[in-house]
$ cat final_15.csv   # CSV, C-alpha atoms
chain,number,residue,atom,x,y,z
A,1,MET,CA,-106.1,85.3,22.1
A,2,ILE,CA,-105.3,87.9,24.7
A,3,GLN,CA,-103.3,90.8,23.2
A,4,ARG,CA,-100.7,92.5,25.3
A,5,TYR,CA,-101.9,95.9,26.3
A,6,HIS,CA,-100.5,99.2,27.3
A,7,LEU,CA,-100.5,100.2,30.9
A,8,PRO,CA,-102.6,103.2,31.5
A,9,THR,CA,-100.5,106.3,31.9
A,10,GLU,CA,-100.4,107.8,35.3
A,11,SER,CA,-103.2,110.2,36.1
A,12,ARG,CA,-101.0,113.1,37.0
A,13,TRP,CA,-99.5,114.9,34.0
A,14,ASP,CA,-96.1,113.6,33.2
A,15,PRO,CA,-94.2,115.2,30.3
A,16,PHE,CA,-91.9,112.1,30.0
A,17,ALA,CA,-94.7,109.7,29.8
A,18,GLU,CA,-96.4,111.9,27.3
A,19,MET,CA,-93.2,112.1,25.2
A,20,ALA,CA,-92.7,108.3,25.5
A,21,GLN,CA,-96.3,107.8,24.4
A,22,LEU,CA,-95.8,110.0,21.3
A,23,HIS,CA,-92.6,108.1,20.6
A,24,ARG,CA,-94.4,104.8,20.8
A,25,ALA,CA,-97.1,106.0,18.5
A,26,MET,CA,-94.4,107.1,15.9
A,27,ASN,CA,-92.6,103.9,16.3
A,28,ARG,CA,-95.7,102.0,15.7
A,29,LEU,CA,-96.7,104.1,12.7
A,30,PHE,CA,-93.4,103.7,10.9
A,31,GLY,CA,-92.3,100.4,12.3
A,32,ASP,CA,-95.3,98.4,11.4
A,33,VAL,CA,-94.6,97.9,7.7
A,34,ASP,CA,-95.0,94.2,7.8
A,35,GLY,CA,-98.6,94.6,8.8
A,36,THR,CA,-98.5,92.2,11.7
A,37,GLY,CA,-99.8,95.0,14.0
A,38,GLU,CA,-97.3,94.1,16.7
A,39,THR,CA,-94.0,95.9,17.4
A,40,PHE,CA,-91.1,93.6,18.0
A,41,PRO,CA,-89.7,93.6,20.5
A,42,ALA,CA,-92.1,94.9,23.2
A,43,ILE,CA,-90.2,97.3,25.5
A,44,ASN,CA,-90.7,98.5,29.1
A,45,VAL,CA,-88.7,101.5,30.3
A,46,TYR,CA,-88.2,102.2,34.0
A,47,ALA,CA,-86.4,105.2,35.3
A,48,ASN,CA,-85.5,107.2,38.3
A,49,GLU,CA,-83.3,110.3,38.8
A,50,ASP,CA,-80.0,108.4,38.3
A,51,GLU,CA,-80.6,105.6,35.9
A,52,ALA,CA,-82.9,103.8,33.6
A,53,VAL,CA,-83.6,100.2,32.9
A,54,VAL,CA,-84.9,99.1,29.5
A,55,SER,CA,-86.3,95.6,29.2
A,56,ALA,CA,-87.2,94.1,25.9
A,57,GLU,CA,-88.9,90.8,25.1
A,58,VAL,CA,-86.6,89.2,22.6
A,59,PRO,CA,-87.3,85.4,22.8
A,60,GLY,CA,-85.3,83.4,20.3
A,61,VAL,CA,-82.8,86.2,19.5
A,62,ASP,CA,-79.2,85.2,19.9
A,63,PRO,CA,-76.9,87.7,21.7
A,64,GLU,CA,-74.7,87.8,18.6
A,65,HIS,CA,-77.7,89.0,16.6
A,66,LEU,CA,-78.4,91.9,19.0
A,67,GLU,CA,-77.0,95.3,18.8
A,68,ILE,CA,-77.3,98.1,21.4
A,69,SER,CA,-76.1,101.6,20.8
A,70,ALA,CA,-76.6,104.8,22.6
A,71,SER,CA,-75.9,108.4,21.9
A,72,GLY,CA,-77.1,111.4,23.8
A,73,ASN,CA,-80.5,110.4,25.3
A,74,ALA,CA,-81.3,107.9,22.6
A,75,LEU,CA,-81.0,104.2,22.8
A,76,THR,CA,-81.2,102.0,19.8
A,77,LEU,CA,-81.9,98.3,19.9
A,78,SER,CA,-81.6,96.4,16.6
A,79,GLY,CA,-81.1,92.8,15.5
A,80,SER,CA,-82.7,90.0,13.8
A,81,ARG,CA,-84.6,86.8,14.5
A,82,GLN,CA,-84.1,84.1,12.0
A,83,ALA,CA,-87.0,82.2,10.7
A,84,GLU,CA,-86.4,78.7,9.4
A,85,ASP,CA,-87.1,78.5,5.8
A,86,PRO,CA,-89.8,76.0,5.1
A,87,GLU,CA,-88.3,72.9,3.5
A,88,LYS,CA,-89.9,70.9,0.8
A,89,GLY,CA,-92.8,69.1,2.2
A,90,GLU,CA,-93.2,71.3,5.2
A,91,ALA,CA,-96.4,73.0,5.9
A,92,PHE,CA,-97.0,75.9,8.3
A,93,HIS,CA,-100.1,75.5,10.3
A,94,ARG,CA,-99.4,78.5,12.5
A,95,ASN,CA,-96.9,81.3,11.8
A,96,GLU,CA,-97.5,83.9,14.5
A,97,ARG,CA,-93.9,84.5,15.6
A,98,PHE,CA,-92.1,87.5,14.4
A,99,SER,CA,-89.1,86.9,12.1
A,100,GLY,CA,-86.7,89.3,10.3
A,101,ARG,CA,-84.9,92.4,11.2
A,102,PHE,CA,-86.0,94.9,13.8
A,103,THR,CA,-84.8,98.3,15.0
A,104,ARG,CA,-86.2,100.4,17.8
A,105,THR,CA,-85.0,103.7,19.0
A,106,LEU,CA,-86.1,105.1,22.4
A,107,GLU,CA,-85.6,108.5,23.9
A,108,LEU,CA,-84.8,108.5,27.6
A,109,PRO,CA,-85.6,111.3,30.0
A,110,PHE,CA,-81.9,112.1,30.4
A,111,ASN,CA,-78.5,111.8,28.6
A,112,ILE,CA,-76.8,108.4,29.0
A,113,ASP,CA,-73.4,107.7,30.2
A,114,ALA,CA,-72.6,105.4,27.3
A,115,ALA,CA,-69.5,103.9,29.0
A,116,GLY,CA,-71.6,102.7,32.0
A,117,ILE,CA,-74.2,100.8,30.0
A,118,LYS,CA,-74.7,97.2,31.1
A,119,ALA,CA,-76.8,94.6,29.2
A,120,GLN,CA,-77.9,91.1,30.0
A,121,LEU,CA,-80.0,88.6,28.2
A,122,ARG,CA,-81.8,86.0,30.2
A,123,HIS,CA,-84.6,83.7,29.1
A,124,GLY,CA,-85.4,85.8,26.1
A,125,ILE,CA,-85.6,89.1,28.0
A,126,LEU,CA,-82.9,91.8,27.4
A,127,LYS,CA,-82.3,94.1,30.3
A,128,VAL,CA,-80.2,97.2,29.6
A,129,THR,CA,-79.1,99.4,32.6
A,130,LEU,CA,-78.3,102.9,31.5
A,131,PRO,CA,-76.7,105.3,34.1
A,132,ARG,CA,-77.4,109.0,33.7
A,133,ALA,CA,-74.5,111.0,32.5
A,134,GLU,CA,-72.8,112.8,35.3
A,135,ALA,CA,-72.9,116.1,33.4
A,136,ASP,CA,-76.7,115.7,33.0
A,137,LYS,CA,-77.4,115.3,36.7
A,138,PRO,CA,-79.0,118.3,38.4
A,139,LYS,CA,-76.5,120.3,40.5
A,140,LYS,CA,-77.5,121.4,43.9
A,141,ILE,CA,-76.3,124.9,44.4
A,142,LYS,CA,-75.3,125.9,47.9
A,143,ILE,CA,-76.3,129.4,48.9
A,144,GLU,CA,-73.7,131.3,50.8
A,145,GLN,CA,-74.6,133.7,53.5
B,1,MET,CA,-102.2,59.1,5.4
B,2,SER,CA,-104.6,61.1,3.5
B,3,ASP,CA,-104.0,64.8,2.9
B,4,ARG,CA,-107.1,65.8,4.7
B,5,LYS,CA,-106.1,64.0,7.7
B,6,GLU,CA,-102.7,65.6,7.7
B,7,GLN,CA,-104.2,69.0,7.5
B,8,GLN,CA,-106.3,68.2,10.5
B,9,LEU,CA,-103.4,67.0,12.5
B,10,ALA,CA,-102.1,70.1,14.2
B,11,THR,CA,-104.5,72.8,13.2
B,12,THR,CA,-107.2,72.3,15.7
B,13,GLU,CA,-106.9,74.4,18.8
B,14,ALA,CA,-108.8,73.0,21.6
B,15,THR,CA,-111.0,75.2,23.7
B,16,ARG,CA,-110.2,75.1,27.4
B,17,PRO,CA,-111.5,71.7,28.5
B,18,HIS,CA,-113.0,73.0,31.7
B,19,LYS,CA,-113.2,76.3,33.4
B,20,VAL,CA,-110.2,77.0,35.6
B,21,GLU,CA,-110.0,79.4,38.4
B,22,ARG,CA,-106.8,81.3,38.4
B,23,THR,CA,-105.0,81.5,41.7
B,24,ARG,CA,-102.3,83.9,40.6
B,25,SER,CA,-103.0,87.6,40.2
B,26,ARG,CA,-101.0,87.9,37.1
B,27,ALA,CA,-101.8,88.5,33.5
B,28,LEU,CA,-102.3,85.4,31.4
B,29,PHE,CA,-101.3,85.4,27.7
B,30,SER,CA,-101.6,83.2,24.8
B,31,PRO,CA,-98.1,82.8,23.4
B,32,ALA,CA,-97.3,83.3,19.8
B,33,VAL,CA,-96.6,79.9,18.1
B,34,ASP,CA,-95.3,78.5,14.9
B,35,ILE,CA,-96.5,75.0,14.0
B,36,ILE,CA,-94.6,73.3,11.2
B,37,GLU,CA,-95.5,69.9,9.8
B,38,THR,CA,-93.3,67.6,7.9
B,39,SER,CA,-93.9,64.1,6.8
B,40,GLU,CA,-92.2,62.7,9.9
B,41,LYS,CA,-93.2,65.2,12.6
B,42,VAL,CA,-94.9,68.2,13.9
B,43,LEU,CA,-92.8,71.0,15.3
B,44,LEU,CA,-94.2,73.5,17.7
B,45,ARG,CA,-92.4,76.6,18.7
B,46,ALA,CA,-93.7,79.0,21.3
B,47,ASP,CA,-92.4,82.4,22.4
B,48,LEU,CA,-92.2,82.4,26.2
B,49,PRO,CA,-90.1,85.4,27.1
B,50,GLY,CA,-88.9,85.4,30.7
B,51,VAL,CA,-89.8,81.7,31.3
B,52,GLN,CA,-87.3,79.3,32.7
B,53,GLU,CA,-87.1,75.6,31.9
B,54,LYS,CA,-88.4,74.6,35.3
B,55,ASP,CA,-91.5,76.8,35.0
B,56,ILE,CA,-92.8,75.2,31.9
B,57,ASP,CA,-95.5,72.6,32.2
B,58,VAL,CA,-96.5,70.6,29.1
B,59,THR,CA,-99.1,67.9,29.5
B,60,LEU,CA,-100.7,65.6,27.1
B,61,GLU,CA,-103.9,64.0,28.0
B,62,ASN,CA,-106.4,62.4,25.8
B,63,GLY,CA,-104.9,64.0,22.8
B,64,VAL,CA,-105.0,67.5,24.3
B,65,LEU,CA,-101.7,69.2,24.6
B,66,THR,CA,-101.7,71.9,27.3
B,67,LEU,CA,-98.9,74.4,27.5
B,68,LYS,CA,-98.5,76.4,30.7
B,69,ALA,CA,-95.6,78.6,31.6
B,70,ARG,CA,-94.8,81.0,34.4
B,71,ALA,CA,-92.7,84.0,33.7
B,72,GLU,CA,-90.7,85.5,36.5
B,73,GLU,CA,-89.5,88.9,35.8
B,74,SER,CA,-88.3,91.3,38.4
B,75,VAL,CA,-89.4,94.8,38.1
B,76,PRO,CA,-86.7,97.3,39.0
B,77,GLU,CA,-87.2,98.7,42.5
B,78,GLN,CA,-87.6,102.4,43.2
B,79,MET,CA,-88.1,103.1,39.6
B,80,ARG,CA,-91.0,104.6,37.7
B,81,LEU,CA,-92.4,102.9,34.6
B,82,VAL,CA,-91.9,105.4,31.8
B,83,THR,CA,-93.0,103.3,28.9
B,84,GLY,CA,-95.0,100.1,29.2
B,85,GLU,CA,-95.6,97.9,26.2
B,86,TYR,CA,-95.8,94.6,27.9
B,87,VAL,CA,-96.8,93.2,31.2
B,88,PRO,CA,-94.9,90.3,32.6
B,89,GLY,CA,-97.3,87.5,32.9
B,90,ASP,CA,-98.0,83.8,32.5
B,91,PHE,CA,-98.7,81.9,29.3
B,92,GLU,CA,-101.2,79.2,28.5
B,93,ARG,CA,-102.4,77.6,25.3
B,94,VAL,CA,-104.2,74.4,24.5
B,95,PHE,CA,-103.9,72.3,21.3
B,96,SER,CA,-105.7,69.3,20.1
B,97,LEU,CA,-103.4,66.6,18.7
B,98,SER,CA,-104.5,63.8,16.5
B,99,GLU,CA,-103.8,60.2,17.5
B,100,ASP,CA,-101.1,60.0,14.9
B,101,ILE,CA,-98.6,61.5,17.3
B,102,ASP,CA,-96.1,59.1,18.8
B,103,GLN,CA,-96.9,60.3,22.3
B,104,GLU,CA,-94.0,58.4,23.9
B,105,ASN,CA,-91.3,60.2,21.9
B,106,ILE,CA,-92.3,63.8,22.3
B,107,ARG,CA,-89.3,65.9,23.0
B,108,ALA,CA,-89.2,69.4,24.5
B,109,SER,CA,-86.4,72.0,24.8
B,110,VAL,CA,-86.1,75.6,25.8
B,111,ARG,CA,-83.6,78.1,24.5
B,112,ASN,CA,-83.6,81.9,24.9
B,113,GLY,CA,-87.2,81.9,26.0
B,114,VAL,CA,-88.4,79.8,23.1
B,115,LEU,CA,-90.0,76.4,23.7
B,116,THR,CA,-89.6,73.8,20.9
B,117,LEU,CA,-91.8,70.7,21.0
B,118,ASP,CA,-90.9,67.9,18.7
B,119,LEU,CA,-93.9,65.7,18.1
B,120,PRO,CA,-93.0,62.7,16.0
B,121,LYS,CA,-95.8,61.1,14.0
B,122,ALA,CA,-96.6,57.6,14.9
B,123,ALA,CA,-95.9,55.0,12.3
B,124,PRO,CA,-99.1,54.0,10.6
B,125,ALA,CA,-100.6,51.0,12.3
B,126,LYS,CA,-99.6,47.8,10.6
B,127,PRO,CA,-102.4,45.9,9.1
B,128,ARG,CA,-102.9,42.8,11.1
B,129,LYS,CA,-103.1,39.7,9.1
B,130,ILE,CA,-105.6,37.3,10.5
B,131,THR,CA,-105.1,33.8,9.5
B,132,ILE,CA,-108.1,31.7,9.1
B,133,SER,CA,-107.7,28.2,9.9
B,134,SER,CA,-109.9,25.6,8.5
B,135,ASP,CA,-110.6,22.3,9.7
$ encode --input "final_15.csv" --output "structure tokens"
Amino acid sequence: MIQRYHLPTESRWDPFAEMAQLHRAMNRLFGDVDGTGETFPAINVYANEDEAVVSAEVPGVDPEHLEISASGNALTLSGSRQAEDPEKGEAFHRNERFSGRFTRTLELPFNIDAAGIKAQLRHGILKVTLPRAEADKPKKIKIEQ
Amino acid sequence: MSDRKEQQLATTEATRPHKVERTRSRALFSPAVDIIETSEKVLLRADLPGVQEKDIDVTLENGVLTLKARAEESVPEQMRLVTGEYVPGDFERVFSLSEDIDQENIRASVRNGVLTLDLPKAAPAKPRKITISSD
């Protein structure tokens, strides 16, 4: 089976990528208590100066079982994916899919405008758009002569 | 049906029948699956995040079940990838089914990026009684 892999980080030094990588390592260290070796859900974070997009692979998770919360520059995704309890006479031949509760917290490169967060779930992929807080945006200072 | 045969039913994963050249420059993944067997059927669930119903291709030929899916995920434009834990890609996995599956009545459905395949077991072949006529 091909395992999903991490994208190589950019060659130029990037403090945010570095931070994200550390975060990921911590998440994996503490999140992987079930021993499956996989973090659920897998997350990609895209960002520019004004906003960030967080996408997470959450196949089979109902919207009512998903919770998104943000404070400061941290975004928390939590929820659960139900596993069917095996009934009498049922046998599992393969049981590779994650089930149970999950919580993941990410740190974004800037503070989030919590009121402007948009989230959509399509075909098992959650996309959260997070605008940067106005107060956090760099101010251009005009020099008077 | 003997126990041994039941065990065999859905557990064998076929190797790729023949070498296939890929024409899409995308990553190809083997989806995570659950396979549950009851006395009446075999239930297969596969995680296919980002896959729409129309992009799933399930074929059954000579007892080999092939699952192919294309995921379309748009990457935000003019944005930098800060954290990357997954790569949007395609899925493929091949299973070997025993002849005990009622191949006419297989049902497939997709919900929230999860494919469910309902593979009913075929009724055991009825013993044919052969009457012997005598002169």
$ closest_atom_pairs --input "final_15.csv" --of "chain B" --to "chain A" --cutoff "7 Å" --atoms "all atoms listed in the file" --output "Markdown table"
| residue | atom | partner | partner_atom | distance |
| --- | --- | --- | --- | --- |
| B:Ala10 | CA | A:His93 | CA | 7.0 |
| B:Thr11 | CA | A:His93 | CA | 5.9 |
| B:Phe29 | CA | A:Ile2 | CA | 5.6 |
| B:Ser30 | CA | A:Met1 | CA | 5.7 |
| B:Ala32 | CA | A:Glu96 | CA | 5.3 |
| B:Val33 | CA | A:Glu96 | CA | 5.5 |
| B:Asp34 | CA | A:Asn95 | CA | 4.5 |
| B:Ile35 | CA | A:Arg94 | CA | 4.8 |
| B:Ile36 | CA | A:Phe92 | CA | 4.6 |
| B:Glu37 | CA | A:Ala91 | CA | 5.1 |
| B:Thr38 | CA | A:Glu90 | CA | 4.6 |
| B:Ser39 | CA | A:Gly89 | CA | 6.9 |
| B:Asp47 | CA | A:Pro59 | CA | 5.9 |
| B:Leu48 | CA | A:Pro59 | CA | 6.7 |
| B:Pro49 | CA | A:Gly124 | CA | 4.8 |
| B:Gly50 | CA | A:His123 | CA | 4.9 |
| B:Val51 | CA | A:His123 | CA | 6.0 |
| B:Gln52 | CA | A:His123 | CA | 6.3 |
| B:Met79 | CA | A:Asn48 | CA | 5.0 |
| B:Arg80 | CA | A:Ala47 | CA | 5.2 |
| B:Leu81 | CA | A:Tyr46 | CA | 4.3 |
| B:Val82 | CA | A:Val45 | CA | 5.3 |
| B:Thr83 | CA | A:Val45 | CA | 4.9 |
| B:Gly84 | CA | A:Asn44 | CA | 4.6 |
| B:Glu85 | CA | A:His6 | CA | 5.2 |
| B:Tyr86 | CA | A:Arg4 | CA | 5.9 |
| B:Arg111 | CA | A:Gly60 | CA | 7.0 |
| B:Asn112 | CA | A:Gly124 | CA | 4.5 |
| B:Gly113 | CA | A:Gly124 | CA | 4.3 |
| B:Val114 | CA | A:Gly60 | CA | 5.5 |
$ residues_around --input "final_15.csv" --residues "range 65-76 of chain B" --least-positions-apart "5" --cutoff "6 Å" --atoms "all atoms listed in the file" --output "count of residues only"
15
$ closest_residue --input "final_15.csv" --among "A:Glu67, A:Lys127, A:Lys142, A:Leu75" --to "Ile112 in chain A" --atoms "only C-alpha atoms"
A:Leu75
$ closest_residue --input "final_15.csv" --among "A:Ile141, A:Ala83, A:Leu77, A:Leu22" --to "Phe102 in chain A" --atoms "all atoms listed in the file"
A:Leu77
$ residues_around --input "final_15.csv" --residues "Gln103 in chain B" --least-positions-apart "5" --cutoff "10 Å" --atoms "only C-alpha atoms" --output "compact mmCIF listing (two decimals) with C-alpha atoms, keeping the file's coordinate frame"
# COMPACT_ATOMS: atom_id res chain seq x y z
CA LEU B 60 -100.70 65.60 27.10
CA GLU B 61 -103.90 64.00 28.00
CA GLY B 63 -104.90 64.00 22.80
CA LEU B 97 -103.40 66.60 18.70
CA LEU B 119 -93.90 65.70 18.10
CA PRO B 120 -93.00 62.70 16.00
CA LYS B 121 -95.80 61.10 14.00
CA ALA B 122 -96.60 57.60 14.90
$ atom_distance --input "final_15.csv" --atom1 "CA of Lys139 in chain A" --atom2 "CA of Glu77 in chain B"
24.2 Å
$ atom_distance --input "final_15.csv" --atom1 "CA of Ala108 in chain B" --atom2 "CA of Leu66 in chain A"
25.6 Å
$ atom_distance --input "final_15.csv" --atom1 "CA of Arg104 in chain A" --atom2 "CA of Thr76 in chain A"
5.6 Å
$ decode --input "final_15.csv" --residues "range 45-65 of chain B" --atoms "N, CA, C and O atoms" --output "mmCIF file, in the first residue's frame"
data_model
loop_
_atom_site.group_PDB
_atom_site.id
_atom_site.type_symbol
_atom_site.label_atom_id
_atom_site.label_comp_id
_atom_site.auth_asym_id
_atom_site.auth_seq_id
_atom_site.Cartn_x
_atom_site.Cartn_y
_atom_site.Cartn_z
ATOM 1 N N ARG B 45 -16.346 -1.042 2.586
ATOM 2 C CA ARG B 45 -16.388 0.423 2.691
ATOM 3 C C ARG B 45 -15.001 0.951 2.416
ATOM 4 O O ARG B 45 -14.020 0.458 2.949
ATOM 5 N N ALA B 46 -14.938 1.978 1.567
ATOM 6 C CA ALA B 46 -13.643 2.551 1.229
ATOM 7 C C ALA B 46 -13.672 4.061 1.411
ATOM 8 O O ALA B 46 -14.636 4.723 1.022
ATOM 9 N N ASP B 47 -12.637 4.591 2.003
ATOM 10 C CA ASP B 47 -12.500 6.039 2.181
ATOM 11 C C ASP B 47 -11.977 6.643 0.893
ATOM 12 O O ASP B 47 -10.857 6.368 0.489
ATOM 13 N N LEU B 48 -12.808 7.473 0.259
ATOM 14 C CA LEU B 48 -12.378 8.123 -0.980
ATOM 15 C C LEU B 48 -12.601 9.626 -0.861
ATOM 16 O O LEU B 48 -13.498 10.181 -1.488
ATOM 17 N N PRO B 49 -11.810 10.289 -0.038
ATOM 18 C CA PRO B 49 -12.041 11.723 0.144
ATOM 19 C C PRO B 49 -11.836 12.497 -1.148
ATOM 20 O O PRO B 49 -10.885 12.247 -1.886
ATOM 21 N N GLY B 50 -12.761 13.413 -1.414
ATOM 22 C CA GLY B 50 -12.659 14.263 -2.595
ATOM 23 C C GLY B 50 -13.169 13.621 -3.870
ATOM 24 O O GLY B 50 -13.038 14.196 -4.937
ATOM 25 N N VAL B 51 -13.767 12.447 -3.751
ATOM 26 C CA VAL B 51 -14.224 11.749 -4.945
ATOM 27 C C VAL B 51 -15.736 11.896 -5.098
ATOM 28 O O VAL B 51 -16.489 11.713 -4.158
ATOM 29 N N GLN B 52 -16.145 12.257 -6.313
ATOM 30 C CA GLN B 52 -17.572 12.357 -6.599
ATOM 31 C C GLN B 52 -18.064 11.043 -7.169
ATOM 32 O O GLN B 52 -17.296 10.268 -7.713
ATOM 33 N N GLU B 53 -19.370 10.873 -7.049
ATOM 34 C CA GLU B 53 -20.009 9.647 -7.514
ATOM 35 C C GLU B 53 -19.608 9.291 -8.949
ATOM 36 O O GLU B 53 -19.300 8.153 -9.266
ATOM 37 N N LYS B 54 -19.611 10.302 -9.813
ATOM 38 C CA LYS B 54 -19.375 10.042 -11.234
ATOM 39 C C LYS B 54 -17.926 9.640 -11.525
ATOM 40 O O LYS B 54 -17.627 9.143 -12.601
ATOM 41 N N ASP B 55 -17.044 9.887 -10.582
ATOM 42 C CA ASP B 55 -15.634 9.588 -10.825
ATOM 43 C C ASP B 55 -15.197 8.257 -10.217
ATOM 44 O O ASP B 55 -14.006 7.994 -10.092
ATOM 45 N N ILE B 56 -16.174 7.460 -9.808
ATOM 46 C CA ILE B 56 -15.834 6.150 -9.252
ATOM 47 C C ILE B 56 -16.142 5.088 -10.296
ATOM 48 O O ILE B 56 -17.176 5.121 -10.953
ATOM 49 N N ASP B 57 -15.231 4.180 -10.420
ATOM 50 C CA ASP B 57 -15.348 3.146 -11.426
ATOM 51 C C ASP B 57 -15.141 1.802 -10.733
ATOM 52 O O ASP B 57 -14.041 1.508 -10.271
ATOM 53 N N VAL B 58 -16.217 1.045 -10.629
ATOM 54 C CA VAL B 58 -16.096 -0.276 -10.010
ATOM 55 C C VAL B 58 -16.365 -1.307 -11.090
ATOM 56 O O VAL B 58 -17.399 -1.269 -11.746
ATOM 57 N N THR B 59 -15.432 -2.206 -11.298
ATOM 58 C CA THR B 59 -15.668 -3.238 -12.293
ATOM 59 C C THR B 59 -15.446 -4.604 -11.667
ATOM 60 O O THR B 59 -14.665 -4.752 -10.737
ATOM 61 N N LEU B 60 -16.165 -5.550 -12.191
ATOM 62 C CA LEU B 60 -16.040 -6.918 -11.724
ATOM 63 C C LEU B 60 -15.876 -7.796 -12.948
ATOM 64 O O LEU B 60 -16.734 -7.838 -13.814
ATOM 65 N N GLU B 61 -14.750 -8.410 -13.004
ATOM 66 C CA GLU B 61 -14.494 -9.262 -14.152
ATOM 67 C C GLU B 61 -13.754 -10.497 -13.695
ATOM 68 O O GLU B 61 -12.726 -10.402 -13.016
ATOM 69 N N ASN B 62 -14.294 -11.629 -14.022
ATOM 70 C CA ASN B 62 -13.695 -12.903 -13.637
ATOM 71 C C ASN B 62 -13.378 -12.985 -12.147
ATOM 72 O O ASN B 62 -12.324 -13.450 -11.743
ATOM 73 N N GLY B 63 -14.316 -12.471 -11.355
ATOM 74 C CA GLY B 63 -14.132 -12.556 -9.905
ATOM 75 C C GLY B 63 -13.137 -11.572 -9.334
ATOM 76 O O GLY B 63 -12.799 -11.631 -8.165
ATOM 77 N N VAL B 64 -12.654 -10.649 -10.170
ATOM 78 C CA VAL B 64 -11.727 -9.630 -9.675
ATOM 79 C C VAL B 64 -12.448 -8.290 -9.624
ATOM 80 O O VAL B 64 -12.949 -7.790 -10.627
ATOM 81 N N LEU B 65 -12.532 -7.760 -8.428
ATOM 82 C CA LEU B 65 -13.221 -6.492 -8.219
ATOM 83 C C LEU B 65 -12.178 -5.383 -8.238
ATOM 84 O O LEU B 65 -11.252 -5.376 -7.444
#
